[in-house]
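**Q** Below is the file coords29.pdb, with PDB, C-alpha atoms (C1' of nucleotides).
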MODEL        1
ATOM      1  CA  MET A   1     -59.737 -71.621 281.741  1.00  0.00           C
ATOM      2  CA  GLY A   2     -60.396 -69.166 278.942  1.00  0.00           C
ATOM      3  CA  GLU A   3     -62.552 -69.825 275.939  1.00  0.00           C
ATOM      4  CA  PHE A   4     -59.734 -70.140 273.463  1.00  0.00           C
ATOM      5  CA  GLU A   5     -57.962 -72.582 275.727  1.00  0.00           C
ATOM      6  CA  GLN A   6     -61.078 -74.708 275.701  1.00  0.00           C
ATOM      7  CA  ILE A   7     -61.281 -74.522 271.947  1.00  0.00           C
ATOM      8  CA  VAL A   8     -57.677 -75.646 271.548  1.00  0.00           C
ATOM      9  CA  LEU A   9     -58.207 -78.516 273.972  1.00  0.00           C
ATOM     10  CA  LEU A  10     -61.357 -79.596 272.156  1.00  0.00           C
ATOM     11  CA  ALA A  11     -59.660 -79.426 268.763  1.00  0.00           C
ATOM     12  CA  LEU A  12     -56.939 -81.674 270.105  1.00  0.00           C
ATOM     13  CA  LEU A  13     -59.411 -84.215 271.460  1.00  0.00           C
ATOM     14  CA  ARG A  14     -61.292 -84.069 268.227  1.00  0.00           C
ATOM     15  CA  LEU A  15     -58.119 -84.899 266.293  1.00  0.00           C
ATOM     16  CA  GLY A  16     -57.679 -88.102 268.232  1.00  0.00           C
ATOM     17  CA  ASN A  17     -55.657 -86.551 271.007  1.00  0.00           C
ATOM     18  CA  ASP A  18     -52.312 -86.746 269.243  1.00  0.00           C
ATOM     19  CA  ALA A  19     -51.812 -83.795 266.969  1.00  0.00           C
ATOM     20  CA  TYR A  20     -49.411 -80.927 266.428  1.00  0.00           C
ATOM     21  CA  GLY A  21     -49.798 -77.189 266.346  1.00  0.00           C
ATOM     22  CA  MET A  22     -50.516 -76.573 262.705  1.00  0.00           C
ATOM     23  CA  GLU A  23     -53.121 -79.322 262.552  1.00  0.00           C
ATOM     24  CA  ILE A  24     -54.820 -77.975 265.616  1.00  0.00           C
ATOM     25  CA  ARG A  25     -55.036 -74.548 264.100  1.00  0.00           C
ATOM     26  CA  GLN A  26     -56.563 -76.009 260.950  1.00  0.00           C
ATOM     27  CA  GLU A  27     -59.126 -77.976 262.909  1.00  0.00           C
ATOM     28  CA  ILE A  28     -60.187 -74.835 264.740  1.00  0.00           C
ATOM     29  CA  GLU A  29     -60.691 -73.009 261.482  1.00  0.00           C
ATOM     30  CA  ARG A  30     -62.562 -75.926 259.997  1.00  0.00           C
ATOM     31  CA  ARG A  31     -64.998 -76.204 262.884  1.00  0.00           C
ATOM     32  CA  THR A  32     -65.526 -72.620 263.919  1.00  0.00           C
ATOM     33  CA  GLY A  33     -65.021 -71.048 260.516  1.00  0.00           C
ATOM     34  CA  ARG A  34     -62.917 -68.407 262.226  1.00  0.00           C
ATOM     35  CA  GLU A  35     -59.339 -67.670 261.197  1.00  0.00           C
ATOM     36  CA  THR A  36     -56.675 -67.918 263.833  1.00  0.00           C
ATOM     37  CA  SER A  37     -52.972 -67.215 263.807  1.00  0.00           C
ATOM     38  CA  TYR A  38     -50.359 -69.817 264.575  1.00  0.00           C
ATOM     39  CA  GLY A  39     -49.027 -67.629 267.338  1.00  0.00           C
ATOM     40  CA  ALA A  40     -52.359 -67.716 269.125  1.00  0.00           C
ATOM     41  CA  VAL A  41     -52.403 -71.497 269.046  1.00  0.00           C
ATOM     42  CA  TYR A  42     -48.809 -72.051 270.118  1.00  0.00           C
ATOM     43  CA  THR A  43     -48.977 -69.554 272.940  1.00  0.00           C
ATOM     44  CA  THR A  44     -52.088 -71.245 274.219  1.00  0.00           C
ATOM     45  CA  LEU A  45     -50.613 -74.727 273.911  1.00  0.00           C
ATOM     46  CA  ASP A  46     -47.656 -73.543 275.939  1.00  0.00           C
ATOM     47  CA  ARG A  47     -49.915 -72.219 278.670  1.00  0.00           C
ATOM     48  CA  LEU A  48     -51.960 -75.394 278.733  1.00  0.00           C
ATOM     49  CA  ASP A  49     -48.744 -77.342 279.083  1.00  0.00           C
ATOM     50  CA  ARG A  50     -47.642 -75.275 282.059  1.00  0.00           C
ATOM     51  CA  LYS A  51     -50.983 -75.910 283.723  1.00  0.00           C
ATOM     52  CA  GLY A  52     -50.565 -79.631 283.232  1.00  0.00           C
ATOM     53  CA  TYR A  53     -53.589 -79.843 280.945  1.00  0.00           C
ATOM     54  CA  VAL A  54     -51.562 -81.180 278.029  1.00  0.00           C
ATOM     55  CA  THR A  55     -48.215 -82.876 277.486  1.00  0.00           C
ATOM     56  CA  PHE A  56     -46.251 -83.439 274.297  1.00  0.00           C
ATOM     57  CA  ARG A  57     -43.641 -85.614 272.651  1.00  0.00           C
ATOM     58  CA  MET A  58     -41.287 -84.588 269.896  1.00  0.00           C
ATOM     59  CA  GLY A  59     -41.994 -86.205 266.552  1.00  0.00           C
ATOM     60  CA  ASP A  60     -39.453 -87.859 264.300  1.00  0.00           C
ATOM     61  CA  ALA A  61     -37.574 -85.216 262.395  1.00  0.00           C
ATOM     62  CA  THR A  62     -37.341 -87.328 259.253  1.00  0.00           C
ATOM     63  CA  ALA A  63     -40.951 -87.288 258.178  1.00  0.00           C
ATOM     64  CA  GLU A  64     -42.043 -86.610 254.614  1.00  0.00           C
ATOM     65  CA  ARG A  65     -40.358 -83.442 253.609  1.00  0.00           C
ATOM     66  CA  GLY A  66     -38.113 -80.809 255.154  1.00  0.00           C
ATOM     67  CA  GLY A  67     -39.002 -78.824 258.183  1.00  0.00           C
ATOM     68  CA  ARG A  68     -38.643 -78.554 261.868  1.00  0.00           C
ATOM     69  CA  ALA A  69     -39.626 -81.357 264.236  1.00  0.00           C
ATOM     70  CA  ARG A  70     -43.249 -81.526 265.253  1.00  0.00           C
ATOM     71  CA  LYS A  71     -44.555 -81.458 268.779  1.00  0.00           C
ATOM     72  CA  TYR A  72     -47.386 -83.907 269.255  1.00  0.00           C
ATOM     73  CA  PHE A  73     -49.722 -82.917 272.041  1.00  0.00           C
ATOM     74  CA  ARG A  74     -52.165 -84.904 274.105  1.00  0.00           C
ATOM     75  CA  VAL A  75     -54.802 -83.853 276.611  1.00  0.00           C
ATOM     76  CA  GLU A  76     -54.158 -85.088 280.146  1.00  0.00           C
ATOM     77  CA  ALA A  77     -56.704 -86.041 282.781  1.00  0.00           C
ATOM     78  CA  ALA A  78     -56.463 -82.634 284.456  1.00  0.00           C
ATOM     79  CA  GLY A  79     -57.290 -81.033 281.133  1.00  0.00           C
ATOM     80  CA  ARG A  80     -60.350 -83.204 280.612  1.00  0.00           C
ATOM     81  CA  ARG A  81     -61.501 -82.441 284.103  1.00  0.00           C
ATOM     82  CA  ALA A  82     -61.064 -78.694 283.731  1.00  0.00           C
ATOM     83  CA  LEU A  83     -62.887 -78.797 280.430  1.00  0.00           C
ATOM     84  CA  THR A  84     -65.845 -80.598 281.926  1.00  0.00           C
ATOM     85  CA  GLU A  85     -65.988 -78.350 284.949  1.00  0.00           C
ATOM     86  CA  THR A  86     -65.913 -75.196 282.911  1.00  0.00           C
ATOM     87  CA  ARG A  87     -68.657 -76.531 280.720  1.00  0.00           C
ATOM     88  CA  GLU A  88     -70.824 -77.439 283.653  1.00  0.00           C
ATOM     89  CA  ARG A  89     -70.406 -74.131 285.382  1.00  0.00           C
ATOM     90  CA  LEU A  90     -71.820 -72.422 282.327  1.00  0.00           C
ATOM     91  CA  ALA A  91     -74.525 -75.033 281.836  1.00  0.00           C
ATOM     92  CA  VAL A  92     -75.816 -74.360 285.339  1.00  0.00           C
ATOM     93  CA  MET A  93     -76.117 -70.675 284.536  1.00  0.00           C
ATOM     94  CA  TRP A  94     -77.855 -71.377 281.248  1.00  0.00           C
ATOM     95  CA  GLU A  95     -80.435 -73.664 282.803  1.00  0.00           C
ATOM     96  CA  GLY A  96     -83.863 -72.297 282.136  1.00  0.00           C
ATOM     97  CA  VAL A  97     -82.614 -69.194 280.362  1.00  0.00           C
ATOM     98  CA  SER A  98     -83.570 -68.478 276.780  1.00  0.00           C
ATOM     99  CA  PRO A  99     -82.165 -65.178 275.569  1.00  0.00           C
ATOM    100  CA  ARG A 100     -84.653 -64.212 272.859  1.00  0.00           C
TER     101      ARG A 100
ATOM    102  CA  MET B   1     -66.714 -62.398 275.426  1.00  0.00           C
ATOM    103  CA  GLY B   2     -65.045 -63.984 278.433  1.00  0.00           C
ATOM    104  CA  GLU B   3     -66.553 -66.637 280.622  1.00  0.00           C
ATOM    105  CA  PHE B   4     -67.198 -64.399 283.589  1.00  0.00           C
ATOM    106  CA  GLU B   5     -68.902 -61.870 281.372  1.00  0.00           C
ATOM    107  CA  GLN B   6     -71.214 -64.609 280.196  1.00  0.00           C
ATOM    108  CA  ILE B   7     -71.919 -65.658 283.745  1.00  0.00           C
ATOM    109  CA  VAL B   8     -72.811 -62.123 284.767  1.00  0.00           C
ATOM    110  CA  LEU B   9     -75.083 -61.720 281.775  1.00  0.00           C
ATOM    111  CA  LEU B  10     -76.804 -65.017 282.486  1.00  0.00           C
ATOM    112  CA  ALA B  11     -77.283 -64.160 286.141  1.00  0.00           C
ATOM    113  CA  LEU B  12     -78.943 -60.946 285.079  1.00  0.00           C
ATOM    114  CA  LEU B  13     -81.281 -62.701 282.654  1.00  0.00           C
ATOM    115  CA  ARG B  14     -82.039 -65.245 285.301  1.00  0.00           C
ATOM    116  CA  LEU B  15     -83.038 -62.504 287.724  1.00  0.00           C
ATOM    117  CA  GLY B  16     -85.684 -61.223 285.358  1.00  0.00           C
ATOM    118  CA  ASN B  17     -83.384 -58.875 283.528  1.00  0.00           C
ATOM    119  CA  ASP B  18     -83.680 -56.037 285.995  1.00  0.00           C
ATOM    120  CA  ALA B  19     -81.320 -56.412 288.866  1.00  0.00           C
ATOM    121  CA  TYR B  20     -78.500 -54.568 290.565  1.00  0.00           C
ATOM    122  CA  GLY B  21     -74.907 -55.459 291.296  1.00  0.00           C
ATOM    123  CA  MET B  22     -75.181 -57.042 294.691  1.00  0.00           C
ATOM    124  CA  GLU B  23     -78.098 -59.230 293.654  1.00  0.00           C
ATOM    125  CA  ILE B  24     -76.211 -60.380 290.602  1.00  0.00           C
ATOM    126  CA  ARG B  25     -73.254 -61.367 292.695  1.00  0.00           C
ATOM    127  CA  GLN B  26     -75.516 -63.348 294.995  1.00  0.00           C
ATOM    128  CA  GLU B  27     -77.185 -65.136 292.120  1.00  0.00           C
ATOM    129  CA  ILE B  28     -73.782 -66.163 290.766  1.00  0.00           C
ATOM    130  CA  GLU B  29     -72.816 -67.610 294.105  1.00  0.00           C
ATOM    131  CA  ARG B  30     -76.134 -69.353 294.469  1.00  0.00           C
ATOM    132  CA  ARG B  31     -75.927 -71.046 291.079  1.00  0.00           C
ATOM    133  CA  THR B  32     -72.249 -71.795 290.695  1.00  0.00           C
ATOM    134  CA  GLY B  33     -71.423 -72.250 294.363  1.00  0.00           C
ATOM    135  CA  ARG B  34     -68.327 -70.177 293.781  1.00  0.00           C
ATOM    136  CA  GLU B  35     -67.552 -67.041 295.790  1.00  0.00           C
ATOM    137  CA  THR B  36     -66.990 -63.871 293.887  1.00  0.00           C
ATOM    138  CA  SER B  37     -66.030 -60.384 294.978  1.00  0.00           C
ATOM    139  CA  TYR B  38     -68.183 -57.359 294.368  1.00  0.00           C
ATOM    140  CA  GLY B  39     -65.328 -55.733 292.542  1.00  0.00           C
ATOM    141  CA  ALA B  40     -65.252 -58.531 290.004  1.00  0.00           C
ATOM    142  CA  VAL B  41     -68.946 -58.140 289.289  1.00  0.00           C
ATOM    143  CA  TYR B  42     -68.982 -54.363 289.052  1.00  0.00           C
ATOM    144  CA  THR B  43     -65.920 -54.188 286.870  1.00  0.00           C
ATOM    145  CA  THR B  44     -67.486 -56.693 284.530  1.00  0.00           C
ATOM    146  CA  LEU B  45     -70.834 -54.884 284.468  1.00  0.00           C
ATOM    147  CA  ASP B  46     -68.993 -51.740 283.527  1.00  0.00           C
ATOM    148  CA  ARG B  47     -67.245 -53.474 280.648  1.00  0.00           C
ATOM    149  CA  LEU B  48     -70.458 -55.030 279.425  1.00  0.00           C
ATOM    150  CA  ASP B  49     -72.030 -51.590 279.489  1.00  0.00           C
ATOM    151  CA  ARG B  50     -69.246 -50.151 277.368  1.00  0.00           C
ATOM    152  CA  LYS B  51     -69.735 -52.925 274.838  1.00  0.00           C
ATOM    153  CA  GLY B  52     -73.428 -52.158 274.616  1.00  0.00           C
ATOM    154  CA  TYR B  53     -74.395 -55.544 276.010  1.00  0.00           C
ATOM    155  CA  VAL B  54     -76.214 -54.066 279.001  1.00  0.00           C
ATOM    156  CA  THR B  55     -77.726 -50.731 279.980  1.00  0.00           C
ATOM    157  CA  PHE B  56     -78.855 -49.478 283.365  1.00  0.00           C
ATOM    158  CA  ARG B  57     -81.148 -47.030 285.106  1.00  0.00           C
ATOM    159  CA  MET B  58     -80.613 -45.501 288.500  1.00  0.00           C
ATOM    160  CA  GLY B  59     -82.999 -46.718 291.153  1.00  0.00           C
ATOM    161  CA  ASP B  60     -84.875 -44.527 293.575  1.00  0.00           C
ATOM    162  CA  ALA B  61     -82.580 -43.499 296.356  1.00  0.00           C
ATOM    163  CA  THR B  62     -85.279 -43.662 298.996  1.00  0.00           C
ATOM    164  CA  ALA B  63     -85.809 -47.400 299.148  1.00  0.00           C
ATOM    165  CA  GLU B  64     -86.046 -49.333 302.371  1.00  0.00           C
ATOM    166  CA  ARG B  65     -83.039 -48.370 304.377  1.00  0.00           C
ATOM    167  CA  GLY B  66     -79.924 -46.271 304.003  1.00  0.00           C
ATOM    168  CA  GLY B  67     -77.395 -46.691 301.285  1.00  0.00           C
ATOM    169  CA  ARG B  68     -76.304 -45.487 297.941  1.00  0.00           C
ATOM    170  CA  ALA B  69     -78.619 -45.534 294.903  1.00  0.00           C
ATOM    171  CA  ARG B  70     -78.843 -48.795 293.049  1.00  0.00           C
ATOM    172  CA  LYS B  71     -78.066 -49.293 289.404  1.00  0.00           C
ATOM    173  CA  TYR B  72     -80.551 -51.612 287.772  1.00  0.00           C
ATOM    174  CA  PHE B  73     -79.128 -53.389 284.768  1.00  0.00           C
ATOM    175  CA  ARG B  74     -80.759 -55.027 281.810  1.00  0.00           C
ATOM    176  CA  VAL B  75     -79.374 -57.158 278.993  1.00  0.00           C
ATOM    177  CA  GLU B  76     -79.712 -55.603 275.545  1.00  0.00           C
ATOM    178  CA  ALA B  77     -80.233 -57.357 272.232  1.00  0.00           C
ATOM    179  CA  ALA B  78     -76.523 -57.206 271.398  1.00  0.00           C
ATOM    180  CA  GLY B  79     -75.816 -58.946 274.666  1.00  0.00           C
ATOM    181  CA  ARG B  80     -78.260 -61.731 273.975  1.00  0.00           C
ATOM    182  CA  ARG B  81     -76.803 -62.188 270.551  1.00  0.00           C
ATOM    183  CA  ALA B  82     -73.217 -62.319 271.769  1.00  0.00           C
ATOM    184  CA  LEU B  83     -74.230 -64.786 274.442  1.00  0.00           C
ATOM    185  CA  THR B  84     -75.822 -67.108 271.933  1.00  0.00           C
ATOM    186  CA  GLU B  85     -72.943 -66.861 269.501  1.00  0.00           C
ATOM    187  CA  THR B  86     -70.341 -67.617 272.112  1.00  0.00           C
ATOM    188  CA  ARG B  87     -72.349 -70.594 273.250  1.00  0.00           C
ATOM    189  CA  GLU B  88     -72.686 -71.948 269.757  1.00  0.00           C
ATOM    190  CA  ARG B  89     -69.028 -71.590 268.918  1.00  0.00           C
ATOM    191  CA  LEU B  90     -68.197 -73.823 271.853  1.00  0.00           C
ATOM    192  CA  ALA B  91     -71.037 -76.226 271.114  1.00  0.00           C
ATOM    193  CA  VAL B  92     -69.629 -76.821 267.646  1.00  0.00           C
ATOM    194  CA  MET B  93     -66.294 -77.753 269.141  1.00  0.00           C
ATOM    195  CA  TRP B  94     -67.897 -80.012 271.696  1.00  0.00           C
ATOM    196  CA  GLU B  95     -69.928 -81.919 269.123  1.00  0.00           C
ATOM    197  CA  GLY B  96     -69.018 -85.563 269.236  1.00  0.00           C
ATOM    198  CA  VAL B  97     -66.339 -85.113 271.891  1.00  0.00           C
ATOM    199  CA  SER B  98     -66.584 -86.870 275.227  1.00  0.00           C
ATOM    200  CA  PRO B  99     -63.548 -86.232 277.356  1.00  0.00           C
ATOM    201  CA  ARG B 100     -63.445 -89.338 279.496  1.00  0.00           C
TER     202      ARG B 100
ATOM    203  C1'  DT C   1     -73.119 -34.387 313.923  1.00  0.00           C
ATOM    204  C1'  DG C   2     -71.125 -38.843 313.708  1.00  0.00           C
ATOM    205  C1'  DA C   3     -71.699 -43.910 313.346  1.00  0.00           C
ATOM    206  C1'  DT C   4     -73.703 -47.429 310.549  1.00  0.00           C
ATOM    207  C1'  DT C   5     -75.515 -49.565 306.479  1.00  0.00           C
ATOM    208  C1'  DT C   6     -75.933 -50.289 301.583  1.00  0.00           C
ATOM    209  C1'  DT C   7     -74.152 -49.875 297.309  1.00  0.00           C
ATOM    210  C1'  DT C   8     -70.984 -48.442 293.859  1.00  0.00           C
ATOM    211  C1'  DT C   9     -66.304 -46.704 292.246  1.00  0.00           C
ATOM    212  C1'  DA C  10     -61.296 -46.655 291.824  1.00  0.00           C
ATOM    213  C1'  DT C  11     -57.382 -49.033 291.282  1.00  0.00           C
ATOM    214  C1'  DA C  12     -54.195 -52.574 290.521  1.00  0.00           C
ATOM    215  C1'  DC C  13     -52.293 -56.706 288.911  1.00  0.00           C
ATOM    216  C1'  DA C  14     -52.487 -61.412 287.037  1.00  0.00           C
ATOM    217  C1'  DT C  15     -54.142 -64.217 283.298  1.00  0.00           C
ATOM    218  C1'  DC C  16     -55.813 -64.945 278.638  1.00  0.00           C
ATOM    219  C1'  DG C  17     -56.494 -63.693 273.525  1.00  0.00           C
ATOM    220  C1'  DT C  18     -54.146 -62.867 269.572  1.00  0.00           C
ATOM    221  C1'  DA C  19     -50.994 -61.086 265.992  1.00  0.00           C
ATOM    222  C1'  DT C  20     -46.393 -60.252 263.923  1.00  0.00           C
ATOM    223  C1'  DG C  21     -41.982 -61.364 263.100  1.00  0.00           C
ATOM    224  C1'  DA C  22     -37.912 -64.237 264.192  1.00  0.00           C
ATOM    225  C1'  DT C  23     -35.828 -68.600 264.351  1.00  0.00           C
ATOM    226  C1'  DA C  24     -34.883 -73.521 263.693  1.00  0.00           C
ATOM    227  C1'  DA C  25     -34.241 -77.549 261.102  1.00  0.00           C
ATOM    228  C1'  DA C  26     -34.916 -80.308 257.409  1.00  0.00           C
ATOM    229  C1'  DT C  27     -34.663 -81.103 252.109  1.00  0.00           C
ATOM    230  C1'  DA C  28     -33.917 -79.461 247.258  1.00  0.00           C
ATOM    231  C1'  DA C  29     -31.301 -77.026 243.723  1.00  0.00           C
ATOM    232  C1'  DC C  30     -27.538 -75.681 241.703  1.00  0.00           C
TER     233       DC C  30
ATOM    234  C1'  DG D   1     -21.605 -77.492 250.033  1.00  0.00           C
ATOM    235  C1'  DT D   2     -23.785 -73.052 250.159  1.00  0.00           C
ATOM    236  C1'  DT D   3     -28.263 -70.986 249.339  1.00  0.00           C
ATOM    237  C1'  DA D   4     -33.238 -71.251 248.736  1.00  0.00           C
ATOM    238  C1'  DT D   5     -37.448 -73.282 250.110  1.00  0.00           C
ATOM    239  C1'  DT D   6     -40.520 -75.593 253.115  1.00  0.00           C
ATOM    240  C1'  DT D   7     -42.404 -76.918 257.516  1.00  0.00           C
ATOM    241  C1'  DA D   8     -42.916 -75.889 261.981  1.00  0.00           C
ATOM    242  C1'  DT D   9     -42.189 -73.689 266.429  1.00  0.00           C
ATOM    243  C1'  DC D  10     -40.596 -69.752 269.485  1.00  0.00           C
ATOM    244  C1'  DA D  11     -40.269 -64.970 271.213  1.00  0.00           C
ATOM    245  C1'  DT D  12     -42.429 -61.013 272.077  1.00  0.00           C
ATOM    246  C1'  DA D  13     -45.744 -57.642 272.766  1.00  0.00           C
ATOM    247  C1'  DC D  14     -50.000 -55.594 273.859  1.00  0.00           C
ATOM    248  C1'  DG D  15     -54.916 -55.262 274.501  1.00  0.00           C
ATOM    249  C1'  DA D  16     -58.891 -57.796 276.805  1.00  0.00           C
ATOM    250  C1'  DT D  17     -60.636 -60.187 280.615  1.00  0.00           C
ATOM    251  C1'  DG D  18     -60.595 -62.060 285.604  1.00  0.00           C
ATOM    252  C1'  DT D  19     -60.584 -60.775 290.129  1.00  0.00           C
ATOM    253  C1'  DA D  20     -59.495 -58.694 294.659  1.00  0.00           C
ATOM    254  C1'  DT D  21     -58.885 -54.853 298.014  1.00  0.00           C
ATOM    255  C1'  DA D  22     -59.679 -50.497 299.596  1.00  0.00           C
ATOM    256  C1'  DA D  23     -62.055 -46.118 299.146  1.00  0.00           C
ATOM    257  C1'  DA D  24     -65.964 -43.317 298.482  1.00  0.00           C
ATOM    258  C1'  DA D  25     -70.834 -41.979 298.181  1.00  0.00           C
ATOM    259  C1'  DA D  26     -75.293 -41.509 299.954  1.00  0.00           C
ATOM    260  C1'  DA D  27     -78.832 -42.662 302.734  1.00  0.00           C
ATOM    261  C1'  DT D  28     -80.679 -43.600 307.746  1.00  0.00           C
ATOM    262  C1'  DC D  29     -80.144 -43.969 312.852  1.00  0.00           C
ATOM    263  C1'  DA D  30     -78.816 -42.511 317.379  1.00  0.00           C
TER     264       DA D  30
ENDMDL
END
Will you turn the file into structure tokens for me?

**A**
Amino acid sequence: MGEFEQIVLLALLRLGNDAYGMEIRQEIERRTGRETSYGAVYTTLDRLDRKGYVTFRMGDATAERGGRARKYFRVEAAGRRALTETRERLAVMWEGVSPR
Amino acid sequence: MGEFEQIVLLALLRLGNDAYGMEIRQEIERRTGRETSYGAVYTTLDRLDRKGYVTFRMGDATAERGGRARKYFRVEAAGRRALTETRERLAVMWEGVSPR
DNA sequence: TGATTTTTTATACATCGTATGATAAATAAC
DNA sequence: GTTATTTATCATACGATGTATAAAAAATCA
């Protein structure tokens, strides 16, 4: 799993594991301070979905004010697992290393 | 910087910051338990070199026993910096998240 | 010289990062 | 009720990164 995929997954978890694309993008900006396009986020969400790392449900169309229906995503067990594994693989390599 | 690039860089640091391709590959296998091809490692070393994250010197040809000259790599300051930054970006996203 | 060993290089293709522009669907204005 | 505006996602495209296989280079051994 790539780094940006991890970041998207973590943003979703951080948002209570039930959020939609635009929110996720905002959360990423808020935490990393780095601007990101919507396209980047949606493409990645789509790939995560195809891997079975996330699923989604369509939101009610009639929300507050005009606009297309939202897709609410959630991280699945496989996604949590992959996230943890990726993290640990790197942690093992970092062990005892201090790049000064 | 991608995950495998990080892993290669960390393996190099771990080996005392003066190692050649085949050693690096072995160190990666030893630590992560995951098999990797030589091609993967060399391609990545080449990319890291072009980014200025590593440099190399050619080793003496006349070593122990036959074979082509080794290229001894070392991580440069830019590489250390990039490594740390990448790590911190992810750490910020992980903060307070426990994917159970 | 030719086989063998050690190491790197070339190449190729799949996956991931990331932006731009198009499209969809709802409400608001007139 | 057609058009503008708003909210949100989709389509597409292309460079960067992951990763393997096969070839080549350069040294020693027989």

**Q** Can you turn the PyMOL selection byres ((chain C and resi 13) around 12) into a concrete residue list for this file, as a PyMOL selection string?

**A** (chain C and resi 11-12+14-15) or (chain D and resi 18-21)

**Q** Include C-alpha atoms (C1' of nucleotides) and write out the residues we just selected as a compact mmCIF listing (two decimals), in the coordinates of the input.

**A**
# COMPACT_ATOMS: atom_id res chain seq x y z
C1' DT C 11 -57.38 -49.03 291.28
C1' DA C 12 -54.20 -52.57 290.52
C1' DA C 14 -52.49 -61.41 287.04
C1' DT C 15 -54.14 -64.22 283.30
C1' DG D 18 -60.60 -62.06 285.60
C1' DT D 19 -60.58 -60.78 290.13
C1' DA D 20 -59.50 -58.69 294.66
C1' DT D 21 -58.88 -54.85 298.01

**Q** Can you translate the PyMOL selection byres ((chain D and resi 5-16) around 7) into the concrete residues it hits in this file, as a PyMOL selection string?

**A** (chain A and resi 66-70) or (chain D and resi 4+17)

**Q** Which residues of chain C have any atom within 7 Å of an atom in chain B when counting all atoms listed in the file, and what is the closest pair of atoms for each, with the distance in Å to one decimal? Order the rows by chain and rising number and write it as a Markdown table.

**A**
| residue | atom | partner | partner_atom | distance |
| --- | --- | --- | --- | --- |
| C:DT5 | C1' | B:Gly66 | CA | 6.0 |
| C:DT6 | C1' | B:Gly67 | CA | 3.9 |
| C:DT7 | C1' | B:Arg68 | CA | 4.9 |

**Q** Can you pull out every residue within 12 Å of range 45-53 of chain B, counting only C-alpha atoms (C1' of nucleotides), but drop anything in the same chain fewer than 2 positions away, and send it as a PyMOL selection string?

**A** (chain B and resi 1-2+4-13+19-22+24-25+38-43+55-57+71-83) or (chain C and resi 8-9) or (chain D and resi 16-18)

**Q** Please compute the C1' of DG17 in chain C-CA of Thr32 in chain A distance, one decimal, in Å.

**A**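 C1' of DG17 in chain C sits 15.9 Å away from CA of Thr32 in chain A.
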
**Q** From the list B:Thr44, B:Glu23, B:Arg30, B:Val54, which residue is nearest chain A when using only C-alpha atoms?

**A** B:Arg30

**Q** If I take CA of Arg87 in chain B and CA of Leu90 in chain A, how far is one from the other in Å, to one decimal?

**A**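 Interatomic distance here is 9.3 Å.
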
**Q** Quick one: pull the distance between CA of Ser98 in chain A and CA of Glu35 in chain B, Å, one decimal.

**A** 24.9 Å

**Q** Enumerate as JSON, numbers by chain the residues belonging to chain D that approach chain B to within 6 Å, with all atoms listed in the file taken into account.

**A** {"D": [19, 26, 27, 28]}

**Q** With a distance cut-off of 12 Å and only C-alpha atoms (C1' of nucleotides), select the neighbouring residues of DG2 in chain C, excluding the residue or stretch itself and same-chain residues fewer than 2 positions from it, and output the selection as a PyMOL selection string.

**A** (chain C and resi 4) or (chain D and resi 29-30)

**Q** Between A:Asp18, A:Asp60, A:Met93, A:Arg34, single out the one closest to chain B, counting all atoms listed in the file.

**A**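 Of A:Asp18, A:Asp60, A:Met93, A:Arg34, the one nearest chain B, counting all atoms listed in the file, is A:Met93.
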
**Q** Tell me which of A:Ala91, A:Gly33, A:Arg14, A:Glu85 sits closest to chain B, counting all atoms listed in the file.

**A** A:Arg14

**Q** For range 4-22 of chain C, take all atoms listed in the file, fit an axis-aligned box around them, add 3 Å to each of the six sides, then output centre and edge lengths in Å rounded to one decimal, as lines of an AutoDock Vina configuration file.

**A**
center_x = -56.9
center_y = -55.8
center_z = 286.8
size_x = 44.0
size_y = 24.3
size_z = 53.4
